[in-house]
Structures are given as structure tokens and as C-alpha cells.
>>> print(open('data-v8.txt').read())   # compact mmCIF, C-alpha atoms
# COMPACT_ATOMS: atom_id res chain seq x y z
CA MET A 140 -63.64 -126.01 -83.46
CA ASN A 141 -65.01 -123.93 -86.33
CA LEU A 142 -68.47 -125.45 -85.78
CA LEU A 143 -68.40 -124.47 -82.10
CA ILE A 144 -67.37 -120.90 -82.93
CA ARG A 145 -70.12 -120.60 -85.55
CA LEU A 146 -72.65 -121.97 -83.06
CA LEU A 147 -71.59 -119.43 -80.44
CA LEU A 148 -71.80 -116.62 -83.01
CA ASN A 149 -75.32 -117.72 -83.92
CA ALA A 150 -76.23 -117.78 -80.23
CA LEU A 151 -74.85 -114.26 -79.90
CA ALA A 152 -76.96 -113.16 -82.88
CA VAL A 153 -80.09 -114.72 -81.32
CA PHE A 154 -79.38 -113.01 -77.99
CA ILE A 155 -78.81 -109.61 -79.61
CA LEU A 156 -81.99 -109.82 -81.70
CA ALA A 157 -84.04 -111.01 -78.73
CA ASN A 158 -82.98 -107.88 -76.86
CA ILE A 159 -83.73 -105.60 -79.82
CA LEU A 160 -87.06 -106.95 -81.09
CA ASN A 161 -90.17 -106.55 -78.96
CA GLY A 162 -91.92 -109.82 -79.81
CA VAL A 163 -88.94 -112.11 -79.24
CA THR A 164 -87.74 -113.28 -75.83
CA VAL A 165 -84.98 -115.65 -74.83
CA ASP A 166 -83.96 -116.69 -71.32
CA GLY A 167 -80.31 -115.69 -71.02
CA TYR A 168 -77.16 -116.84 -72.71
CA VAL A 169 -77.79 -120.55 -72.19
CA GLY A 170 -81.23 -120.16 -73.73
CA ALA A 171 -79.67 -118.46 -76.75
CA ILE A 172 -77.21 -121.34 -77.16
CA ILE A 173 -80.08 -123.83 -76.96
CA VAL A 174 -82.00 -121.83 -79.58
CA ALA A 175 -78.94 -121.81 -81.86
CA VAL A 176 -78.54 -125.59 -81.52
CA VAL A 177 -82.23 -126.28 -82.14
CA LEU A 178 -82.31 -123.93 -85.14
CA ALA A 179 -79.26 -125.68 -86.58
CA ILE A 180 -80.92 -129.08 -86.15
CA LEU A 181 -84.21 -127.89 -87.64
CA ASN A 182 -82.40 -126.30 -90.57
CA LEU A 183 -80.56 -129.57 -91.11
CA LEU A 184 -83.54 -131.93 -90.84
CA VAL A 185 -86.83 -130.12 -91.42
CA LYS A 186 -85.98 -127.29 -93.78
CA PRO A 187 -84.87 -129.46 -96.75
CA ILE A 188 -88.14 -131.38 -96.57
CA LEU A 189 -90.17 -128.16 -96.54
CA VAL A 190 -88.14 -126.74 -99.42
CA ILE A 191 -88.73 -129.84 -101.55
CA LEU A 192 -92.44 -129.90 -100.77
CA THR A 193 -92.87 -126.24 -101.68
CA ILE A 194 -90.79 -126.07 -104.86
CA PRO A 195 -93.74 -124.97 -107.07
CA VAL A 196 -94.68 -122.12 -104.72
CA THR A 197 -91.04 -121.11 -104.38
CA ILE A 198 -90.65 -120.96 -108.16
CA VAL A 199 -93.82 -118.90 -108.60
CA THR A 200 -92.74 -116.42 -105.92
CA LEU A 201 -89.19 -116.28 -107.30
CA GLY A 202 -87.72 -117.67 -104.08
CA LEU A 203 -89.47 -115.33 -101.66
CA PHE A 204 -91.40 -118.24 -100.16
CA LEU A 205 -88.13 -119.38 -98.59
CA LEU A 206 -88.54 -116.46 -96.19
CA VAL A 207 -91.86 -117.97 -95.11
CA ILE A 208 -90.16 -121.33 -94.57
CA ASN A 209 -87.52 -119.63 -92.41
CA ALA A 210 -90.26 -117.97 -90.35
CA LEU A 211 -92.00 -121.33 -89.91
CA ILE A 212 -88.74 -122.86 -88.68
CA ILE A 213 -88.42 -120.01 -86.13
CA LEU A 214 -92.02 -120.58 -84.97
CA LEU A 215 -91.38 -124.32 -84.67
CA ALA A 216 -88.30 -123.63 -82.56
CA SER A 217 -90.38 -121.28 -80.43
CA ASN A 218 -92.86 -124.09 -79.80
CA LEU A 219 -90.13 -126.61 -78.97
CA ILE A 220 -88.09 -124.47 -76.56
CA ASP A 221 -89.57 -123.25 -73.28
CA GLY A 222 -87.19 -120.30 -72.82
CA PHE A 223 -87.70 -118.91 -76.33
CA SER A 224 -90.85 -117.26 -77.60
CA VAL A 225 -91.87 -115.37 -80.71
CA SER A 226 -95.14 -113.46 -80.63
CA GLY A 227 -96.37 -114.09 -84.18
CA PHE A 228 -95.65 -114.87 -87.80
CA TRP A 229 -94.58 -111.36 -88.82
CA THR A 230 -92.23 -111.13 -85.87
CA ALA A 231 -90.77 -114.52 -86.81
CA LEU A 232 -90.34 -113.33 -90.40
CA LEU A 233 -88.54 -110.16 -89.30
CA PHE A 234 -86.47 -112.16 -86.80
CA SER A 235 -85.42 -114.68 -89.45
CA VAL A 236 -84.39 -111.96 -91.92
CA LEU A 237 -82.44 -110.00 -89.30
CA LEU A 238 -80.90 -113.21 -87.95
CA SER A 239 -79.63 -114.13 -91.41
CA ILE A 240 -78.12 -110.68 -91.90
CA LEU A 241 -76.50 -110.63 -88.45
CA GLN A 242 -75.14 -114.17 -88.84
CA SER A 243 -73.64 -113.20 -92.18
CA LEU A 244 -71.97 -110.13 -90.67
CA LEU A 245 -70.60 -112.02 -87.67
CA GLN A 246 -69.26 -114.86 -89.79
CA SER A 247 -67.62 -112.40 -92.19
CA PHE A 248 -65.68 -111.01 -89.22
CA LEU A 249 -64.61 -114.57 -88.44
CA LYS A 250 -63.36 -115.06 -92.00
CA ASP A 251 -61.48 -111.74 -91.91
CA SER A 252 -59.71 -112.70 -88.68
CA LYS A 253 -58.52 -115.98 -90.25
CA ASP A 254 -56.88 -114.23 -93.22
>>> encode(input="data-v8.txt", output="C-alpha cells")
Amino acid sequence: MNLLIRLLLNALAVFILANILNGVTVDGYVGAIIVAVVLAILNLLVKPILVILTIPVTIVTLGLFLLVINALIILLASNLIDGFSVSGFWTALLFSVLLSILQSLLQSFLKDSKD
């Protein structure tokens, strides 16, 4: 149940950011849920491989290269999903940073309501 709630909160975050940012579009609520599912799968399967392959660059940049990896995951999701599009790399980078912040805020509200 907790996984489903977190998935719906992530979909809400995607939908909110798609309405705020100019270069990001998503087709409705169902499209946002699909984006949240695909991002979760990509973060589970692809992101660890990219992190391992780019360890030297990540160390040299003191971890900032992980933001680039997040943007690449967003662009990959944009290519895989028809109802989701991101206009460019910088938009994907901004989207990934704002998505992380918004997900953190929404999930902190979930933790507060449990206590």
C-alpha cells in the first residue's frame, strides 16, 4: 500500500511540474502515472549501471555528475513514453532537480501523517 501511495505522490509531482515548466508536457493524470512508473523502473534498472560506469567522473565532480545521470534518465523516459516530452537537456536537468525536491516534500507530508 505504501508503494502505491508513493507512486501516486510521484505522479502528482510529475503532473505539477509539467504544468509549471514550459519545456515539459504530460498527457493528463494517466500519463503522469505512467511517467512515474517508468521513472521508477528506470531508476531501479538503468541508474545503478550508469552510476557504476561513471564513478570516476562522479568522484571528480564531487557527486554533481549524478544530476546529469538524473537528467539522462528523464530524457530516456521522454523517449520511451509517447505522452511525455521534455524539450532539452537543461529542461530535463531542472525537471529532475525540482522533481526530487517536490517528491521529498510530498513524502515528508506522508511521514508526518503516519506519526
>>> residues_near_point(input="data-v8.txt", point="(-87.7, -118.9, -94.4)", cutoff="10 Å", atoms="only C-alpha atoms", output="NGL selection string")
:A and (182 or 186 or 189-190 or 202-213 or 231-232 or 235-236 or 239)
>>> atom_distance(input="data-v8.txt", atom1="atom CA of Leu241 of chain A", atom2="atom CA of Leu142 of chain A")
17.1 Å
>>> residues_around(input="data-v8.txt", residues="Asn218 of chain A", least_positions_apart="5", cutoff="12 Å", atoms="only C-alpha atoms", output="list of chain:residue names")
A:Val174, A:Val177, A:Leu178, A:Leu211, A:Ile212, A:Ile213, A:Phe223, A:Ser224, A:Val225, A:Ser226, A:Gly227
>>> atom_distance(input="data-v8.txt", atom1="atom CA of Ile240 of chain A", atom2="atom CA of Asn149 of chain A")
11.0 Å
>>> atom_distance(input="data-v8.txt", atom1="atom CA of Thr193 of chain A", atom2="atom CA of Phe228 of chain A")
18.2 Å
>>> closest_residue(input="data-v8.txt", among="A:Leu237, A:Ser243, A:Leu143, A:Phe248", to="Ala157 of chain A", atoms="only C-alpha atoms")
A:Leu237
>>> residues_around(input="data-v8.txt", residues="Tyr168 of chain A", least_positions_apart="4", cutoff="9 Å", atoms="all atoms listed in the file", output="PyMOL selection string")
chain A and resi 150-151+154+172-173
>>> closest_residue(input="data-v8.txt", among="A:Leu245, A:Ile188, A:Ile180, A:Ile220", to="Ile144 of chain A", atoms="all atoms listed in the file")
A:Leu245
>>> decode(input="data-v8.txt", residues="segment 155-238 of chain A", atoms="C-alpha atoms", output="PDB file, in the first residue's frame")
ATOM      1  CA  ILE A 155       2.501  19.592 -11.124  1.00  0.00           C
ATOM      2  CA  LEU A 156       5.941  20.167 -12.643  1.00  0.00           C
ATOM      3  CA  ALA A 157       4.665  19.505 -16.165  1.00  0.00           C
ATOM      4  CA  ASN A 158       2.128  22.286 -15.660  1.00  0.00           C
ATOM      5  CA  ILE A 159       4.712  24.683 -14.212  1.00  0.00           C
ATOM      6  CA  LEU A 160       7.698  24.180 -16.535  1.00  0.00           C
ATOM      7  CA  ASN A 161       7.467  25.320 -20.141  1.00  0.00           C
ATOM      8  CA  GLY A 162       9.527  22.581 -21.789  1.00  0.00           C
ATOM      9  CA  VAL A 163       7.793  19.628 -20.118  1.00  0.00           C
ATOM     10  CA  THR A 164       4.448  18.198 -21.217  1.00  0.00           C
ATOM     11  CA  VAL A 165       2.473  15.229 -19.978  1.00  0.00           C
ATOM     12  CA  ASP A 166      -0.879  13.972 -21.234  1.00  0.00           C
ATOM     13  CA  GLY A 167      -3.165  14.055 -18.214  1.00  0.00           C
ATOM     14  CA  TYR A 168      -3.227  12.175 -14.957  1.00  0.00           C
ATOM     15  CA  VAL A 169      -2.852   8.731 -16.510  1.00  0.00           C
ATOM     16  CA  GLY A 170       0.185   9.946 -18.420  1.00  0.00           C
ATOM     17  CA  ALA A 171       1.700  11.220 -15.173  1.00  0.00           C
ATOM     18  CA  ILE A 172       1.137   7.824 -13.532  1.00  0.00           C
ATOM     19  CA  ILE A 173       2.796   6.102 -16.490  1.00  0.00           C
ATOM     20  CA  VAL A 174       5.744   8.514 -16.247  1.00  0.00           C
ATOM     21  CA  ALA A 175       6.064   7.795 -12.516  1.00  0.00           C
ATOM     22  CA  VAL A 176       6.069   4.034 -13.143  1.00  0.00           C
ATOM     23  CA  VAL A 177       8.603   4.257 -15.970  1.00  0.00           C
ATOM     24  CA  LEU A 178      10.868   6.555 -13.943  1.00  0.00           C
ATOM     25  CA  ALA A 179      10.721   4.122 -11.033  1.00  0.00           C
ATOM     26  CA  ILE A 180      11.671   1.224 -13.320  1.00  0.00           C
ATOM     27  CA  LEU A 181      14.484   3.186 -14.968  1.00  0.00           C
ATOM     28  CA  ASN A 182      15.804   4.290 -11.580  1.00  0.00           C
ATOM     29  CA  LEU A 183      15.736   0.667 -10.455  1.00  0.00           C
ATOM     30  CA  LEU A 184      17.366  -0.899 -13.522  1.00  0.00           C
ATOM     31  CA  VAL A 185      19.338   1.662 -15.535  1.00  0.00           C
ATOM     32  CA  LYS A 186      20.511   4.204 -12.985  1.00  0.00           C
ATOM     33  CA  PRO A 187      22.718   1.826 -10.933  1.00  0.00           C
ATOM     34  CA  ILE A 188      24.529   0.760 -14.100  1.00  0.00           C
ATOM     35  CA  LEU A 189      25.137   4.374 -15.115  1.00  0.00           C
ATOM     36  CA  VAL A 190      26.321   5.263 -11.617  1.00  0.00           C
ATOM     37  CA  ILE A 191      28.824   2.400 -11.587  1.00  0.00           C
ATOM     38  CA  LEU A 192      30.113   3.245 -15.060  1.00  0.00           C
ATOM     39  CA  THR A 193      30.619   6.905 -14.169  1.00  0.00           C
ATOM     40  CA  ILE A 194      32.201   6.566 -10.722  1.00  0.00           C
ATOM     41  CA  PRO A 195      35.452   8.352 -11.725  1.00  0.00           C
ATOM     42  CA  VAL A 196      33.590  11.344 -13.177  1.00  0.00           C
ATOM     43  CA  THR A 197      31.273  11.435 -10.169  1.00  0.00           C
ATOM     44  CA  ILE A 198      34.234  11.494  -7.792  1.00  0.00           C
ATOM     45  CA  VAL A 199      35.994  14.262  -9.726  1.00  0.00           C
ATOM     46  CA  THR A 200      32.842  16.401  -9.776  1.00  0.00           C
ATOM     47  CA  LEU A 201      32.138  15.673  -6.095  1.00  0.00           C
ATOM     48  CA  GLY A 202      28.840  13.966  -6.916  1.00  0.00           C
ATOM     49  CA  LEU A 203      27.398  16.654  -9.170  1.00  0.00           C
ATOM     50  CA  PHE A 204      27.523  14.303 -12.153  1.00  0.00           C
ATOM     51  CA  LEU A 205      24.650  12.403 -10.551  1.00  0.00           C
ATOM     52  CA  LEU A 206      22.450  15.330 -11.572  1.00  0.00           C
ATOM     53  CA  VAL A 207      23.467  14.676 -15.181  1.00  0.00           C
ATOM     54  CA  ILE A 208      22.564  10.999 -14.768  1.00  0.00           C
ATOM     55  CA  ASN A 209      19.145  12.006 -13.423  1.00  0.00           C
ATOM     56  CA  ALA A 210      18.621  14.283 -16.432  1.00  0.00           C
ATOM     57  CA  LEU A 211      19.597  11.439 -18.774  1.00  0.00           C
ATOM     58  CA  ILE A 212      17.059   9.163 -17.082  1.00  0.00           C
ATOM     59  CA  ILE A 213      14.377  11.851 -17.611  1.00  0.00           C
ATOM     60  CA  LEU A 214      15.339  12.172 -21.295  1.00  0.00           C
ATOM     61  CA  LEU A 215      15.245   8.389 -21.695  1.00  0.00           C
ATOM     62  CA  ALA A 216      11.770   8.302 -20.168  1.00  0.00           C
ATOM     63  CA  SER A 217      10.754  11.087 -22.540  1.00  0.00           C
ATOM     64  CA  ASN A 218      11.881   8.969 -25.483  1.00  0.00           C
ATOM     65  CA  LEU A 219      10.095   5.854 -24.208  1.00  0.00           C
ATOM     66  CA  ILE A 220       6.713   7.427 -23.391  1.00  0.00           C
ATOM     67  CA  ASP A 221       4.559   8.971 -26.120  1.00  0.00           C
ATOM     68  CA  GLY A 222       2.548  11.254 -23.816  1.00  0.00           C
ATOM     69  CA  PHE A 223       5.582  12.728 -22.061  1.00  0.00           C
ATOM     70  CA  SER A 224       8.084  15.098 -23.620  1.00  0.00           C
ATOM     71  CA  VAL A 225      10.989  17.178 -22.395  1.00  0.00           C
ATOM     72  CA  SER A 226      12.372  19.827 -24.723  1.00  0.00           C
ATOM     73  CA  GLY A 227      16.087  19.520 -23.949  1.00  0.00           C
ATOM     74  CA  PHE A 228      18.873  18.592 -21.579  1.00  0.00           C
ATOM     75  CA  TRP A 229      18.716  21.736 -19.432  1.00  0.00           C
ATOM     76  CA  THR A 230      14.975  21.392 -19.050  1.00  0.00           C
ATOM     77  CA  ALA A 231      15.449  17.749 -18.044  1.00  0.00           C
ATOM     78  CA  LEU A 232      18.096  18.797 -15.524  1.00  0.00           C
ATOM     79  CA  LEU A 233      15.813  21.435 -13.993  1.00  0.00           C
ATOM     80  CA  PHE A 234      12.887  18.992 -14.052  1.00  0.00           C
ATOM     81  CA  SER A 235      14.910  16.296 -12.276  1.00  0.00           C
ATOM     82  CA  VAL A 236      16.101  18.682  -9.552  1.00  0.00           C
ATOM     83  CA  LEU A 237      12.614  20.103  -8.963  1.00  0.00           C
ATOM     84  CA  LEU A 238      11.096  16.615  -9.085  1.00  0.00           C
TER      85      LEU A 238
END
